[in-house]
>>> print(open('work-v2.txt').read())   # compact mmCIF, C-alpha atoms
# COMPACT_ATOMS: atom_id res chain seq x y z
CA MET A 1 -5.87 -4.73 28.44
CA LYS A 2 -6.61 -8.43 28.18
CA GLU A 3 -5.87 -9.91 24.74
CA THR A 4 -8.67 -11.70 22.88
CA LEU A 5 -8.04 -15.41 22.42
CA ILE A 6 -9.74 -17.57 19.81
CA PRO A 7 -9.95 -21.36 20.21
CA ILE A 8 -8.03 -23.14 17.44
CA ARG A 9 -10.67 -25.87 17.43
CA ILE A 10 -13.27 -23.39 16.14
CA ILE A 11 -11.05 -21.86 13.44
CA CYS A 12 -9.99 -25.28 12.14
CA ALA A 13 -13.60 -26.50 12.09
CA GLN A 14 -14.67 -23.42 10.14
CA HIS A 15 -11.94 -23.90 7.57
CA ASN A 16 -12.30 -27.67 7.48
CA VAL A 17 -8.69 -28.46 8.42
CA ALA A 18 -7.35 -30.78 11.12
CA ILE A 19 -6.18 -29.26 14.42
CA GLU A 20 -2.85 -31.04 13.80
CA PHE A 21 -2.25 -28.61 10.94
CA ALA A 22 -2.28 -25.65 13.36
CA GLU A 23 -0.13 -27.62 15.81
CA ASN A 24 2.43 -28.27 13.06
CA LEU A 25 2.51 -24.55 12.28
CA TYR A 26 3.18 -23.91 15.96
CA GLU A 27 6.01 -26.45 16.02
CA CYS A 28 7.66 -24.67 13.08
CA GLY A 29 7.32 -21.32 14.83
CA LEU A 30 4.88 -19.96 12.25
CA ILE A 31 2.18 -19.20 14.84
CA ASP A 32 1.98 -18.92 18.63
CA ILE A 33 -0.42 -21.10 20.54
CA ILE A 34 -1.65 -20.22 24.02
CA GLU A 35 -3.14 -22.92 26.19
CA GLU A 36 -5.83 -21.81 28.61
CA GLN A 37 -8.22 -24.03 30.54
CA GLU A 38 -7.00 -27.08 28.60
CA GLU A 39 -7.94 -25.47 25.27
CA LYS A 40 -5.51 -24.25 22.61
CA HIS A 41 -5.96 -20.68 21.40
CA ILE A 42 -4.36 -18.08 19.19
CA GLN A 43 -4.38 -14.34 19.73
CA GLU A 44 -6.88 -12.37 17.68
CA ASP A 45 -4.18 -10.44 15.84
CA ALA A 46 -2.62 -13.74 14.65
CA LEU A 47 -5.87 -14.90 13.07
CA GLU A 48 -5.16 -13.29 9.70
CA ARG A 49 -1.79 -15.04 9.53
CA LEU A 50 -3.26 -18.46 10.44
CA GLU A 51 -6.05 -18.08 7.89
CA LYS A 52 -3.50 -17.16 5.24
CA MET A 53 -1.55 -20.37 5.97
CA ILE A 54 -4.76 -22.39 5.81
CA ARG A 55 -5.69 -20.89 2.43
CA LEU A 56 -2.24 -21.54 0.97
CA HIS A 57 -2.30 -25.11 2.28
CA ARG A 58 -5.83 -25.80 1.04
CA ASP A 59 -5.86 -23.89 -2.28
CA LEU A 60 -2.33 -24.64 -3.43
CA GLU A 61 -1.62 -27.87 -1.55
CA ILE A 62 1.48 -26.38 0.02
CA ASN A 63 2.98 -28.41 2.84
CA ILE A 64 4.43 -27.05 6.08
CA ALA A 65 7.97 -26.78 4.68
CA GLY A 66 6.62 -24.78 1.73
CA LEU A 67 4.68 -22.51 4.08
CA GLU A 68 7.83 -21.86 6.09
CA THR A 69 9.66 -20.87 2.89
CA ILE A 70 6.83 -18.63 1.68
CA ASN A 71 6.56 -16.97 5.07
CA HIS A 72 10.29 -16.30 5.12
CA MET A 73 10.25 -14.86 1.60
CA LEU A 74 7.23 -12.66 2.28
CA LEU A 75 8.99 -11.23 5.34
CA GLU A 76 12.08 -10.58 3.23
CA MET A 77 9.91 -8.91 0.59
CA GLU A 78 8.31 -6.65 3.22
CA LYS A 79 11.77 -5.73 4.49
CA LEU A 80 12.98 -4.87 1.00
CA GLN A 81 9.86 -2.83 0.30
CA GLU A 82 10.48 -0.87 3.52
CA GLU A 83 14.10 -0.30 2.50
CA LEU A 84 12.92 0.91 -0.89
CA ARG A 85 10.53 3.34 0.80
CA VAL A 86 13.32 4.72 3.01
CA THR A 87 15.69 5.03 0.04
CA ARG A 88 13.05 6.85 -1.98
CA ARG A 89 12.51 9.20 0.95
CA ARG A 90 16.26 9.94 1.06
CA LEU A 91 16.40 10.44 -2.68
CA TYR A 92 13.47 12.85 -2.43
CA PHE A 93 15.46 14.86 0.14
CA TYR A 94 18.46 15.18 -2.18
CA GLU A 95 16.26 15.97 -5.16
CA GLN A 96 14.90 18.99 -3.29
CA GLU A 97 18.34 20.56 -3.27
CA MET B 13 -18.95 -8.07 -22.15
CA ALA B 14 -16.01 -9.65 -23.97
CA PHE B 15 -15.32 -13.26 -24.83
CA ILE B 16 -12.67 -14.80 -22.59
CA ASP B 17 -10.38 -17.43 -24.01
CA TYR B 18 -10.02 -19.78 -21.02
CA TYR B 19 -7.45 -21.90 -22.84
CA LYS B 20 -5.27 -18.85 -23.32
CA VAL B 21 -5.72 -17.88 -19.65
CA LEU B 22 -4.38 -21.29 -18.58
CA GLU B 23 -1.78 -21.27 -21.38
CA LEU B 24 -3.18 -24.47 -22.89
CA ASP B 25 -4.21 -25.66 -26.33
CA LYS B 26 -7.74 -26.83 -27.02
CA LYS B 27 -6.81 -30.51 -26.93
CA ALA B 28 -5.49 -30.36 -23.36
CA ASP B 29 -6.63 -33.27 -21.19
CA ALA B 30 -7.84 -33.09 -17.59
CA ALA B 31 -4.37 -33.76 -16.18
CA ALA B 32 -2.83 -30.94 -18.24
CA ILE B 33 -5.58 -28.54 -17.11
CA LYS B 34 -5.02 -29.45 -13.48
CA LYS B 35 -1.27 -29.03 -13.84
CA ALA B 36 -1.59 -25.65 -15.59
CA TYR B 37 -4.07 -24.43 -12.98
CA ARG B 38 -1.80 -25.47 -10.08
CA LYS B 39 1.21 -23.80 -11.68
CA LEU B 40 -0.52 -20.48 -12.33
CA ALA B 41 -2.48 -20.45 -9.07
CA ARG B 42 0.77 -20.80 -7.12
CA LYS B 43 2.20 -17.90 -9.05
CA TYR B 44 -0.74 -15.52 -8.71
CA HIS B 45 -2.39 -16.53 -5.40
CA PRO B 46 -3.41 -13.32 -3.52
CA ASP B 47 -1.65 -14.47 -0.35
CA VAL B 48 1.71 -14.66 -2.05
CA ASN B 49 1.16 -11.37 -3.89
CA PRO B 50 0.10 -8.89 -1.20
CA ASN B 51 -1.01 -5.47 -2.51
CA ASN B 52 -0.66 -6.64 -6.12
CA GLU B 53 -3.88 -5.80 -7.90
CA GLU B 54 -2.75 -7.30 -11.20
CA ALA B 55 -2.01 -10.65 -9.55
CA HIS B 56 -5.43 -10.62 -7.86
CA LYS B 57 -7.15 -10.09 -11.22
CA LYS B 58 -5.09 -12.79 -12.87
CA PHE B 59 -5.91 -15.21 -10.04
CA GLN B 60 -9.61 -14.53 -10.56
CA GLN B 61 -9.29 -15.32 -14.29
CA ILE B 62 -7.34 -18.51 -13.59
CA ASN B 63 -9.98 -19.71 -11.14
CA GLU B 64 -12.72 -18.95 -13.61
CA ALA B 65 -10.95 -20.74 -16.44
CA ASN B 66 -10.37 -23.75 -14.21
CA GLU B 67 -14.03 -23.85 -13.14
CA VAL B 68 -15.04 -24.19 -16.76
CA LEU B 69 -12.33 -26.36 -18.24
CA SER B 70 -12.08 -28.82 -15.36
CA ASP B 71 -15.83 -29.53 -15.52
CA PRO B 72 -16.59 -31.76 -18.57
CA GLU B 73 -20.15 -30.40 -18.94
CA LYS B 74 -19.12 -26.75 -18.78
CA ARG B 75 -16.15 -27.35 -21.03
CA LYS B 76 -18.37 -29.04 -23.63
CA LYS B 77 -20.71 -26.09 -23.63
CA TYR B 78 -17.85 -23.61 -23.78
CA ASP B 79 -16.21 -25.50 -26.67
CA ARG B 80 -19.52 -25.79 -28.53
CA TYR B 81 -20.36 -22.11 -28.49
CA GLY B 82 -16.82 -20.77 -28.41
CA LYS B 83 -16.78 -17.24 -29.71
CA ASP B 84 -20.49 -17.52 -30.57
CA TRP B 85 -21.31 -17.74 -26.87
CA GLU B 86 -23.99 -15.08 -27.29
CA GLN B 87 -26.15 -17.72 -29.00
CA SER B 88 -26.35 -19.82 -25.84
CA ASP B 89 -29.71 -20.16 -24.05
CA GLN B 90 -28.11 -19.13 -20.81
CA PHE B 91 -27.00 -15.85 -22.34
CA HIS B 92 -30.59 -14.95 -23.20
CA ALA B 93 -31.78 -15.90 -19.73
CA TYR B 94 -28.98 -13.82 -18.24
CA ASN B 95 -29.89 -10.81 -20.37
CA GLN B 96 -33.50 -11.03 -19.25
CA GLN B 97 -32.43 -11.25 -15.63
CA ARG B 98 -30.15 -8.22 -16.05
CA ALA B 99 -32.94 -6.21 -17.67
CA GLN B 100 -35.22 -7.00 -14.72
CA GLN B 101 -32.55 -6.03 -12.24
CA GLN B 102 -32.08 -2.72 -13.97
CA GLN B 103 -35.83 -2.14 -14.14
CA TYR B 104 -36.26 -2.70 -10.41
CA GLY B 105 -33.07 -0.98 -9.47
CA GLY B 106 -31.18 -4.11 -8.45
CA GLY B 107 -27.42 -4.00 -8.76
CA GLY B 108 -25.72 -6.61 -10.90
CA GLY B 109 -22.42 -6.41 -9.12
CA PHE B 110 -20.56 -8.81 -11.39
CA GLU B 111 -18.67 -6.16 -13.32
CA GLN B 112 -16.82 -5.00 -10.25
CA PHE B 113 -13.71 -6.88 -9.34
CA GLY B 114 -14.11 -8.16 -5.84
CA GLY B 115 -11.32 -10.71 -5.60
CA GLY B 116 -13.27 -13.94 -6.04
CA ASP B 117 -16.35 -13.44 -8.22
CA PHE B 118 -16.66 -14.45 -11.83
CA SER B 119 -16.80 -12.34 -14.96
CA SER B 120 -20.03 -11.31 -16.70
CA PHE B 121 -19.01 -13.58 -19.54
CA PHE B 122 -18.93 -16.55 -17.17
CA GLU B 123 -22.25 -15.62 -15.56
CA SER B 124 -23.91 -15.28 -18.95
CA MET B 125 -22.80 -18.72 -20.07
CA PHE B 126 -23.08 -20.70 -16.87
CA GLY B 127 -25.49 -18.76 -14.67
CA GLY B 128 -25.07 -17.11 -11.30
CA GLY B 129 -22.60 -19.50 -9.81
CA GLY B 130 -25.05 -22.30 -8.90
CA GLY B 131 -23.66 -25.79 -8.97
CA PHE B 132 -20.11 -24.87 -8.06
CA GLN B 133 -18.20 -26.84 -5.55
CA GLN B 134 -18.54 -24.53 -2.59
CA SER B 135 -15.35 -25.79 -0.98
CA ARG B 136 -13.40 -24.30 -3.89
CA ARG B 137 -14.93 -20.86 -3.47
CA ALA B 138 -12.90 -19.89 -0.46
CA ALA B 139 -13.64 -16.68 1.43
CA TYR B 140 -11.24 -13.97 0.33
CA LYS B 141 -10.46 -10.68 1.86
CA GLY B 142 -11.54 -7.78 -0.38
CA GLN B 143 -9.06 -5.94 -2.49
CA ASP B 144 -6.80 -3.48 -0.69
CA LEU B 145 -7.05 0.05 -2.02
CA GLN B 146 -4.30 2.63 -2.33
CA ALA B 147 -4.69 6.39 -2.12
CA THR B 148 -2.26 9.28 -2.12
CA LEU B 149 -2.77 12.37 -0.01
CA PRO B 150 -0.57 15.34 -0.94
CA LEU B 151 0.23 17.77 1.87
CA THR B 152 2.25 20.95 2.02
CA LEU B 153 5.10 21.15 4.53
CA GLU B 154 2.99 23.65 6.50
CA GLN B 155 -0.06 21.33 6.56
CA ALA B 156 1.94 18.33 7.72
CA MET B 157 3.37 20.20 10.71
CA THR B 158 0.08 20.37 12.59
CA THR B 159 -2.34 17.64 13.59
CA HIS B 160 -5.43 18.18 11.48
CA LYS B 161 -8.36 16.40 9.94
CA GLN B 162 -8.78 15.59 6.24
CA THR B 163 -11.91 14.34 4.53
CA PHE B 164 -11.91 12.67 1.12
CA THR B 165 -14.02 10.26 -0.90
CA ILE B 166 -12.67 6.92 -2.00
CA ASN B 167 -14.63 4.15 -3.69
CA GLY B 168 -17.83 6.14 -3.06
CA LYS B 169 -17.20 6.21 0.67
CA GLN B 170 -16.41 9.34 2.62
CA VAL B 171 -13.35 8.90 4.78
CA ARG B 172 -12.32 11.32 7.52
CA ILE B 173 -8.88 10.87 8.98
CA THR B 174 -6.72 12.67 11.49
CA VAL B 175 -3.30 13.47 10.08
CA PRO B 176 -0.84 13.57 12.99
CA ALA B 177 1.73 16.36 12.98
CA GLY B 178 5.12 15.32 11.61
CA VAL B 179 4.09 12.68 9.06
CA GLU B 180 6.92 11.75 6.73
CA HIS B 181 7.04 11.93 2.95
CA GLU B 182 5.78 8.58 1.56
CA GLN B 183 4.61 7.45 5.00
CA VAL B 184 1.78 4.95 4.69
CA ILE B 185 -1.10 4.50 7.11
CA LYS B 186 -3.55 1.62 7.00
CA LEU B 187 -7.28 1.99 7.56
CA LYS B 188 -8.53 -1.49 8.28
CA GLY B 189 -11.74 -2.48 6.52
CA TYR B 190 -11.95 0.60 4.28
CA GLY B 191 -10.97 -1.31 1.12
CA ALA B 192 -13.19 -3.21 -1.31
CA PRO B 193 -15.76 -5.63 0.16
CA GLY B 194 -14.68 -9.25 0.60
CA SER B 195 -16.04 -12.16 -1.38
CA ASN B 196 -17.81 -15.27 -0.16
CA GLY B 197 -18.13 -13.81 3.33
CA GLY B 198 -14.50 -12.68 3.56
CA PRO B 199 -13.60 -9.43 5.34
CA ALA B 200 -13.30 -6.09 3.52
CA GLY B 201 -9.84 -5.09 2.33
CA ASP B 202 -7.83 -2.27 3.82
CA LEU B 203 -7.18 1.25 2.62
CA PHE B 204 -3.54 2.32 2.44
CA ILE B 205 -2.97 6.07 2.39
CA THR B 206 0.41 7.36 1.29
CA PHE B 207 1.25 10.92 2.30
CA THR B 208 3.34 12.91 -0.11
CA ILE B 209 4.87 16.05 1.26
CA MET B 210 5.23 18.66 -1.44
CA PRO B 211 8.58 20.46 -1.53
CA HIS B 212 8.70 23.94 0.02
CA LYS B 213 10.20 26.73 -2.06
CA ASP B 214 12.89 27.63 0.51
CA ILE B 215 12.87 25.15 3.36
CA ARG B 216 14.08 21.55 3.14
CA ARG B 217 13.14 18.89 5.63
CA GLN B 218 15.27 15.98 6.72
CA GLY B 219 13.62 13.89 9.40
CA ASN B 220 12.55 16.38 12.04
CA ASP B 221 15.11 19.03 11.15
CA LEU B 222 14.53 21.91 8.77
CA TYR B 223 17.15 23.59 6.60
CA LEU B 224 17.17 27.05 5.10
CA THR B 225 19.84 28.87 3.12
CA LYS B 226 19.86 32.62 3.80
CA GLU B 227 21.71 35.10 1.64
CA ILE B 228 23.54 37.87 3.47
CA ASP B 229 25.43 40.75 1.92
CA LEU B 230 29.19 41.16 2.21
CA TYR B 231 29.02 44.03 4.68
CA THR B 232 26.69 42.18 7.11
CA ALA B 233 28.99 39.16 6.87
CA LEU B 234 32.02 41.31 7.67
CA LEU B 235 30.59 43.69 10.25
CA GLY B 236 27.72 41.64 11.69
CA GLY B 237 24.09 42.67 11.87
CA GLU B 238 20.58 41.28 11.84
CA VAL B 239 18.61 39.28 9.30
CA LEU B 240 14.97 38.34 9.14
CA ILE B 241 14.22 34.72 8.25
CA GLU B 242 10.92 33.12 7.49
CA THR B 243 10.28 29.83 9.31
CA LEU B 244 7.16 27.70 8.80
CA SER B 245 5.63 29.25 11.91
CA GLY B 246 6.53 32.89 11.29
CA LYS B 247 9.33 35.40 10.95
CA VAL B 248 12.37 35.26 13.24
CA LYS B 249 15.08 37.91 13.66
CA LEU B 250 18.60 36.48 13.79
CA LYS B 251 21.81 38.11 14.90
CA VAL B 252 24.71 37.69 12.48
CA GLN B 253 28.13 37.67 14.10
CA PRO B 254 30.89 39.91 12.66
CA LEU B 255 33.24 38.06 10.25
CA THR B 256 30.67 35.39 9.41
CA GLN B 257 32.14 33.04 6.80
CA ASN B 258 30.31 31.83 3.72
CA GLY B 259 28.55 28.53 4.58
CA THR B 260 28.35 29.19 8.33
CA LYS B 261 25.53 27.18 9.87
CA THR B 262 23.38 28.36 12.80
CA ARG B 263 21.13 26.05 14.75
CA LEU B 264 17.82 27.15 16.22
CA LYS B 265 17.16 24.47 18.78
CA GLY B 266 13.59 23.14 18.91
CA LYS B 267 12.42 25.31 16.02
CA GLY B 268 12.27 22.46 13.53
CA TYR B 269 9.55 20.00 12.62
CA PRO B 270 7.27 18.32 15.19
CA VAL B 271 8.28 14.75 16.05
CA TYR B 272 5.65 12.27 14.81
CA LYS B 273 3.29 11.24 17.62
CA GLN B 274 5.49 12.76 20.35
CA GLU B 275 3.71 15.82 21.55
CA GLY B 276 5.84 18.83 22.48
CA MET B 277 8.97 17.47 20.78
CA PHE B 278 10.50 19.28 17.82
CA GLY B 279 13.58 18.98 15.66
CA ASP B 280 15.98 21.85 15.00
CA PHE B 281 16.05 24.59 12.39
CA TYR B 282 19.35 25.13 10.61
CA VAL B 283 20.20 28.34 8.78
CA THR B 284 23.17 28.37 6.41
CA TYR B 285 24.50 31.79 5.47
CA GLU B 286 25.45 32.35 1.88
CA VAL B 287 27.51 35.50 1.47
CA LYS B 288 26.64 37.37 -1.73
CA LEU B 289 29.33 39.56 -3.19
CA PRO B 290 28.25 42.91 -4.69
CA LEU B 291 27.75 42.90 -8.45
CA SER B 292 28.91 46.49 -8.86
CA LEU B 293 30.96 48.97 -6.82
CA SER B 294 30.93 52.75 -6.75
CA ASP B 295 34.23 54.62 -7.13
CA LYS B 296 34.17 55.45 -3.45
CA GLN B 297 33.65 51.78 -2.51
CA LYS B 298 36.50 50.75 -4.80
CA GLU B 299 38.74 53.31 -3.19
CA LEU B 300 37.90 52.12 0.34
CA LEU B 301 38.38 48.49 -0.56
CA GLN B 302 41.71 49.25 -2.17
CA GLU B 303 42.72 51.01 1.02
CA MET B 304 41.73 47.93 3.01
CA LYS B 305 43.69 45.73 0.66
CA ASP B 306 46.78 47.87 1.01
CA GLN B 307 46.52 47.64 4.79
CA GLU B 308 46.56 43.86 4.56
CA LYS B 309 50.02 43.93 2.90
>>> encode(input="work-v2.txt", output="structure tokens")
Amino acid sequence: MKETLIPIRIICAQHNVAIEFAENLYECGLIDIIEEQEEKHIQEDALERLEKMIRLHRDLEINIAGLETINHMLLEMEKLQEELRVTRRRLYFYEQE
Amino acid sequence: MAFIDYYKVLELDKKADAAAIKKAYRKLARKYHPDVNPNNEEAHKKFQQINEANEVLSDPEKRKKYDRYGKDWEQSDQFHAYNQQRAQQQQYGGGGGFEQFGGGDFSSFFESMFGGGGGFQQSRRAAYKGQDLQATLPLTLEQAMTTHKQTFTINGKQVRITVPAGVEHEQVIKLKGYGAPGSNGGPAGDLFITFTIMPHKDIRRQGNDLYLTKEIDLYTALLGGEVLIETLSGKVKLKVQPLTQNGTKTRLKGKGYPVYKQEGMFGDFYVTYEVKLPLSLSDKQKELLQEMKDQEK
């Protein structure tokens, strides 16, 4: 199945941010950019992530380095929450005994 | 509709200047921004309050009005106009909608003092995804072992889901767009359903394997025999070998729990024998056992 691509130009225009902002995110490895027919795109499932970065940058004036840190910490938090879920599941098993 | 102390919300005193307000807003907004607090309803509410407080206190006109009326805000002209508008909405069946937390709207208190949001800087009112909702769906061990449909109502909406066989205890599934509506054109939130598997009276589950402890009497343990066990899918007759020790484990391959989203695959069913000694013996039994004991010497 062909993935849906969204031009970065359109997203940035809608959110009133410069295209360079998205390019900087790409350079830091925070998003993936796909170039097709001389136009830069992101995959549809990465849209939520890009919009989140734009909101954090615009609302809280967080720069790229800050976004990298936040992204890293949110991933860590998700990992810990998953570990907590697994541990609770194990505990539940022993509590049944 | 309660009075909201915007100074308290931003942790400021009433003499705070514009720079202090801006600084306090930045500090708290960074702490409670919805994007850095995923699935945290409290943080979302707090962020809404901070935004509202900042809208008022950072605007000299609004701040003047707020300071003038203070706790007597019900005396303001806008409050009367708001009340009239609300009465008309109720008369014609229109929904107010401000009481419900949606992630980015303002409180009734704000609306009553400053109107329905006109005159705001639109660029500040960013589109936010609606609040994510959480629901718990309890299932029995028997229910969770077959793929079936469940219908329930959440937030006034009827939701019908297919529960795949083999879901785990505390497993979470996400239904995109089934949460609260978004604000300022943002998408609806998601609905997270957590399955809780209620404990079975006899059978324990670990992953895809099932465990049962079966009591057998001394004579069956010594001489062998048959026992009837109850699995989740029915009764099964098991052969007990002679001289079965207490704690002996038997595996019934493929008779365990279905593997999640892998049709035709099942875990195993383990039966542990627990040998029960008799609580009383007849004279004849005592005599025979004594004879056995003597033979052991």
>>> closest_atom_pairs(input="work-v2.txt", of="chain A", to="chain B", cutoff="7 Å", atoms="all atoms listed in the file", output="tab-separated table")
residue	atom	partner	partner_atom	distance
A:Lys52	CA	B:Asp47	CA	6.5
A:Leu60	CA	B:Arg42	CA	6.2
A:Arg89	CA	B:His181	CA	6.4
A:Phe93	CA	B:Gln218	CA	6.7
A:Gln96	CA	B:Pro211	CA	6.7
>>> write_last_selection(input="work-v2.txt", atoms="C-alpha atoms", output="PDB file, in the coordinates of the input")
ATOM      1  CA  LYS A  52      -3.500 -17.160   5.240  1.00  0.00           C
ATOM      2  CA  LEU A  60      -2.330 -24.640  -3.430  1.00  0.00           C
ATOM      3  CA  ARG A  89      12.510   9.200   0.950  1.00  0.00           C
ATOM      4  CA  PHE A  93      15.460  14.860   0.140  1.00  0.00           C
ATOM      5  CA  GLN A  96      14.900  18.990  -3.290  1.00  0.00           C
TER       6      GLN A  96
END
>>> residues_around(input="work-v2.txt", residues="Glu48 (chain A)", least_positions_apart="2", cutoff="12 Å", atoms="only C-alpha atoms", output="PDB file with C-alpha atoms, keeping the file's coordinate frame")
ATOM      1  CA  ILE A   6      -9.740 -17.570  19.810  1.00  0.00           C
ATOM      2  CA  ILE A  11     -11.050 -21.860  13.440  1.00  0.00           C
ATOM      3  CA  ILE A  31       2.180 -19.200  14.840  1.00  0.00           C
ATOM      4  CA  ILE A  42      -4.360 -18.080  19.190  1.00  0.00           C
ATOM      5  CA  GLN A  43      -4.380 -14.340  19.730  1.00  0.00           C
ATOM      6  CA  GLU A  44      -6.880 -12.370  17.680  1.00  0.00           C
ATOM      7  CA  ASP A  45      -4.180 -10.440  15.840  1.00  0.00           C
ATOM      8  CA  ALA A  46      -2.620 -13.740  14.650  1.00  0.00           C
ATOM      9  CA  LEU A  50      -3.260 -18.460  10.440  1.00  0.00           C
ATOM     10  CA  GLU A  51      -6.050 -18.080   7.890  1.00  0.00           C
ATOM     11  CA  LYS A  52      -3.500 -17.160   5.240  1.00  0.00           C
ATOM     12  CA  MET A  53      -1.550 -20.370   5.970  1.00  0.00           C
ATOM     13  CA  ILE A  54      -4.760 -22.390   5.810  1.00  0.00           C
ATOM     14  CA  ARG A  55      -5.690 -20.890   2.430  1.00  0.00           C
TER      15      ARG A  55
ATOM     16  CA  ASP B  47      -1.650 -14.470  -0.350  1.00  0.00           C
ATOM     17  CA  TYR B 140     -11.240 -13.970   0.330  1.00  0.00           C
ATOM     18  CA  LYS B 141     -10.460 -10.680   1.860  1.00  0.00           C
ATOM     19  CA  GLY B 198     -14.500 -12.680   3.560  1.00  0.00           C
ATOM     20  CA  PRO B 199     -13.600  -9.430   5.340  1.00  0.00           C
ATOM     21  CA  GLY B 201      -9.840  -5.090   2.330  1.00  0.00           C
TER      22      GLY B 201
END
>>> residues_around(input="work-v2.txt", residues="Leu24 (chain B)", least_positions_apart="3", cutoff="12 Å", atoms="all atoms listed in the file", output="list in words")
Asp17, Tyr18, Tyr19, Lys20, Val21, Lys27, Ala28, Asp29, Ala30, Ala31, Ala32, Ile33, Lys34, Lys35, Ala36, Tyr37, Leu40, Ile62, Ala65, Asn66 and Leu69 of chain B
>>> atom_distance(input="work-v2.txt", atom1="CA of Glu227 (chain B)", atom2="CA of Gly178 (chain B)")
27.7 Å
>>> atom_distance(input="work-v2.txt", atom1="CA of Gly142 (chain B)", atom2="CA of Val86 (chain A)")
28.0 Å
>>> residues_around(input="work-v2.txt", residues="Val239 (chain B)", least_positions_apart="6", cutoff="12 Å", atoms="only C-alpha atoms", output="PyMOL selection string")
chain B and resi 226-229+232-233+247-253+283+285
>>> residues_around(input="work-v2.txt", residues="Ser245 (chain B)", least_positions_apart="2", cutoff="12 Å", atoms="only C-alpha atoms", output="PyMOL selection string")
chain B and resi 153-155+157-158+215+222+241-243+247-248+267-270+281
>>> closest_residue(input="work-v2.txt", among="A:Thr87, A:Glu38, A:Arg49, A:Tyr26", to="Leu74 (chain A)", atoms="only C-alpha atoms")
A:Arg49
>>> closest_residue(input="work-v2.txt", among="A:Ala18, A:Leu56, A:Leu47, A:Leu91", to="Tyr44 (chain B)", atoms="all atoms listed in the file")
A:Leu56
>>> residues_around(input="work-v2.txt", residues="region 63-65 of chain A", least_positions_apart="5", cutoff="9 Å", atoms="only C-alpha atoms", output="ChimeraX atom specification")
/A:21,24-25,28,53,56-57,70
>>> atom_distance(input="work-v2.txt", atom1="CA of Lys305 (chain B)", atom2="CA of Thr262 (chain B)")
29.4 Å
>>> residues_near_point(input="work-v2.txt", point="(16.1, 26.2, 18.9)", cutoff="9 Å", atoms="only C-alpha atoms", output="list of chain:residue names")
B:Arg263, B:Leu264, B:Lys265, B:Gly266, B:Lys267, B:Gly268, B:Phe278, B:Gly279, B:Asp280, B:Phe281, B:Tyr282
>>> axis_aligned_box(input="work-v2.txt", around="region 3-16 of chain A", padding_each_side="4 Å", output="lines of an AutoDock Vina configuration file")
center_x = -10.3
center_y = -18.8
center_z = 16.1
size_x = 16.8
size_y = 25.8
size_z = 25.3
